[in-house]
Amino acid sequence: MRPLIRPARHGDGAALARIDFATWSPLHAVTERPKAPADPFFDGHRDPREHLVAEEDGELLGYAVVRRPVPLPAFAHVRQIQGLAVREEARGRGVARALLRACVAEARAQDARRLTLRVLGHNAPARALYASEGFRVEGVLPGEVFVAGTYVDDVLMGRAL
């Protein structure tokens with residue numbers, strides 16, 4: 001069964017906070033490990049209009065964030081995926097791929113010409129998924145991020161829409 005991908009609603013905040021908390025990992029996170037789920041999830045930095053959720057039988061399995069990377073007119077044609085998380089028990093079922101494809105569709109619907117993302121260099125599973133969906137490495141910042149006691153490359157990937 002394929003998950004339903006839909007725009008997030010304010011009422012999804014608690015479930016998304018639990019997903020965010022449960023999926024935190026130094027494989028992809030550049031923030032400190034949270035002590036508890038964020039409350040509220042949708043705050044001044046997070047807007048439900050920029051989130052897509054994967055839902056199955058009324059249960060949220062994951063989410064993705066698509067937004068403008070820079071709020072300047074010169075970048076109005078670009079959207080960036082600034083987060084993608086899938087619950088552990090839903091992995092391997094195509095949920096991340098469905099969310100990624102929905103991000104592409106959403107960026108196109110917003111008349112974007114490019115879609116970019118940043119991924120940590122050691123996150124091989126995510127990099128492979130992105131490459132399989134047409135994203136190409138466009139730049140690498142060696143040792144740019146310090147995560148869990150290690151310097152890690154920051155990899156910029158992108159694709160034309």
# chains A, B, ... in the order shown; residues from 1 in each chain; ligands from 1

call {"tool": "select_by_dssp", "arguments": {"residues": "segment 73-155 of chain A", "states": "alpha helix (DSSP H)", "output": "count of residues only"}}
result
24

call {"tool": "residues_around", "arguments": {"residues": "Gln82 of chain A", "least_positions_apart": "6", "cutoff": "9 Å", "atoms": "only C-alpha atoms", "output": "ChimeraX atom specification"}}
result
/A:64-67,69,116-118

call {"tool": "select_by_dssp", "arguments": {"residues": "chain A", "states": "strand (DSSP E)", "output": "VMD selection string"}}
result
chain A and resid 4 to 7 51 to 56 59 to 67 78 to 86 114 to 120 136 to 147 150 to 160

call {"tool": "residues_around", "arguments": {"residues": "Leu129 of chain A", "least_positions_apart": "4", "cutoff": "8 Å", "atoms": "only C-alpha atoms", "output": "PyMOL selection string"}}
result
chain A and resi 97+125+133

call {"tool": "residues_around", "arguments": {"residues": "Gly83 of chain A", "least_positions_apart": "5", "cutoff": "12 Å", "atoms": "only C-alpha atoms", "output": "short mmCIF file (atom, residue, chain, number, x, y, z; two decimals) with N, CA and C atoms, in the first residue's frame"}}
result
data_model
loop_
_atom_site.label_atom_id
_atom_site.label_comp_id
_atom_site.auth_asym_id
_atom_site.auth_seq_id
_atom_site.Cartn_x
_atom_site.Cartn_y
_atom_site.Cartn_z
N LEU A 16 4.36 14.90 14.31
CA LEU A 16 5.61 15.23 13.62
C LEU A 16 6.75 15.45 14.61
N ILE A 19 7.97 12.05 15.53
CA ILE A 19 8.77 11.48 14.44
C ILE A 19 10.16 12.12 14.44
N ASP A 20 10.20 13.43 14.54
CA ASP A 20 11.47 14.15 14.54
C ASP A 20 12.36 13.67 15.69
N THR A 23 13.56 9.91 15.13
CA THR A 23 14.45 9.65 13.99
C THR A 23 15.77 10.41 14.08
N TRP A 24 15.98 11.18 15.15
CA TRP A 24 17.23 11.92 15.27
C TRP A 24 18.41 10.95 15.22
N HIS A 28 22.39 12.10 10.01
CA HIS A 28 21.81 13.19 9.22
C HIS A 28 21.57 14.48 9.99
N ALA A 29 21.56 14.45 11.30
CA ALA A 29 21.23 15.65 12.08
C ALA A 29 22.45 16.52 12.32
N VAL A 30 22.26 17.82 12.22
CA VAL A 30 23.34 18.76 12.51
C VAL A 30 23.05 19.53 13.80
N ARG A 46 9.10 26.84 11.80
CA ARG A 46 8.46 25.77 11.04
C ARG A 46 7.03 26.17 10.71
N GLU A 50 4.89 24.49 4.55
CA GLU A 50 6.13 24.05 3.92
C GLU A 50 6.41 22.56 4.16
N HIS A 51 5.48 21.88 4.82
CA HIS A 51 5.67 20.47 5.15
C HIS A 51 4.70 19.59 4.38
N LEU A 52 5.22 18.47 3.90
CA LEU A 52 4.40 17.41 3.32
C LEU A 52 4.49 16.23 4.27
N VAL A 53 3.39 15.51 4.45
CA VAL A 53 3.41 14.34 5.33
C VAL A 53 2.99 13.10 4.57
N GLY A 62 5.96 9.89 8.13
CA GLY A 62 7.12 10.72 7.90
C GLY A 62 6.72 12.07 7.35
N TYR A 63 7.75 12.89 7.10
CA TYR A 63 7.48 14.22 6.56
C TYR A 63 8.69 14.70 5.77
N ALA A 64 8.45 15.73 4.96
CA ALA A 64 9.50 16.42 4.23
C ALA A 64 9.19 17.91 4.27
N VAL A 65 10.24 18.72 4.18
CA VAL A 65 10.10 20.17 4.21
C VAL A 65 10.61 20.72 2.88
N VAL A 66 9.78 21.52 2.21
CA VAL A 66 10.17 22.17 0.95
C VAL A 66 9.92 23.66 1.12
N ARG A 67 11.01 24.44 0.95
CA ARG A 67 10.86 25.89 1.11
C ARG A 67 11.87 26.62 0.24
N ALA A 96 10.06 7.31 1.93
CA ALA A 96 10.98 8.41 1.64
C ALA A 96 10.95 8.76 0.16
N LEU A 99 7.80 10.69 -0.56
CA LEU A 99 7.93 12.07 -0.09
C LEU A 99 8.84 12.88 -1.00
N LEU A 100 9.94 12.28 -1.44
CA LEU A 100 10.87 12.97 -2.33
C LEU A 100 10.18 13.34 -3.64
N CYS A 103 7.92 16.19 -3.13
CA CYS A 103 8.68 17.45 -3.05
C CYS A 103 8.94 18.00 -4.45
N THR A 116 16.94 21.79 -4.72
CA THR A 116 18.23 21.44 -4.14
C THR A 116 18.03 20.83 -2.76
N LEU A 117 19.11 20.29 -2.22
CA LEU A 117 19.12 19.77 -0.86
C LEU A 117 20.56 19.68 -0.40
N ARG A 118 20.73 19.57 0.89
CA ARG A 118 22.05 19.36 1.47
C ARG A 118 21.99 18.07 2.28
N VAL A 119 23.04 17.29 2.18
CA VAL A 119 23.09 16.00 2.87
C VAL A 119 24.50 15.79 3.40
N ALA A 126 20.84 8.01 2.07
CA ALA A 126 20.10 9.17 1.57
C ALA A 126 20.69 9.64 0.24
#

call {"tool": "closest_residue", "arguments": {"among": "A:Ala148, A:Ala109, A:Ala38, A:Met157", "to": "Ala131 of chain A", "atoms": "only C-alpha atoms"}}
result
A:Met157

call {"tool": "closest_residue", "arguments": {"among": "A:Asp57, A:Glu138, A:Glu144, A:Glu88", "to": "Ala22 of chain A", "atoms": "only C-alpha atoms"}}
result
A:Glu88

call {"tool": "closest_residue", "arguments": {"among": "A:Pro26, A:Gly94, A:Pro3, A:Pro73", "to": "Glu55 of chain A", "atoms": "only C-alpha atoms"}}
result
A:Pro3

call {"tool": "closest_residue", "arguments": {"among": "A:Ala17, A:Ala107, A:Val140, A:Ala54", "to": "Gln80 of chain A", "atoms": "only C-alpha atoms"}}
result
A:Ala107

call {"tool": "residues_around", "arguments": {"residues": "Pro40 of chain A", "least_positions_apart": "5", "cutoff": "12 Å", "atoms": "only C-alpha atoms", "output": "list in words"}}
result
His10, Gly11, Asp12, Gly13, Ala14, Ala15, Leu16, Ala17, Arg18, His45, Arg46, Asp47 and Pro48 of chain A

call {"tool": "closest_residue", "arguments": {"among": "A:His77, A:Arg87, A:Arg33, A:Arg93", "to": "Arg2 of chain A", "atoms": "only C-alpha atoms"}}
result
A:Arg93

call {"tool": "closest_residue", "arguments": {"among": "A:Leu60, A:Val70, A:Ala112, A:Ala85", "to": "Ala160 of chain A", "atoms": "only C-alpha atoms"}}
result
A:Ala112

call {"tool": "atom_distance", "arguments": {"atom1": "atom CA of Leu61 of chain A", "atom2": "atom CA of Arg91 of chain A"}}
result
9.0 Å
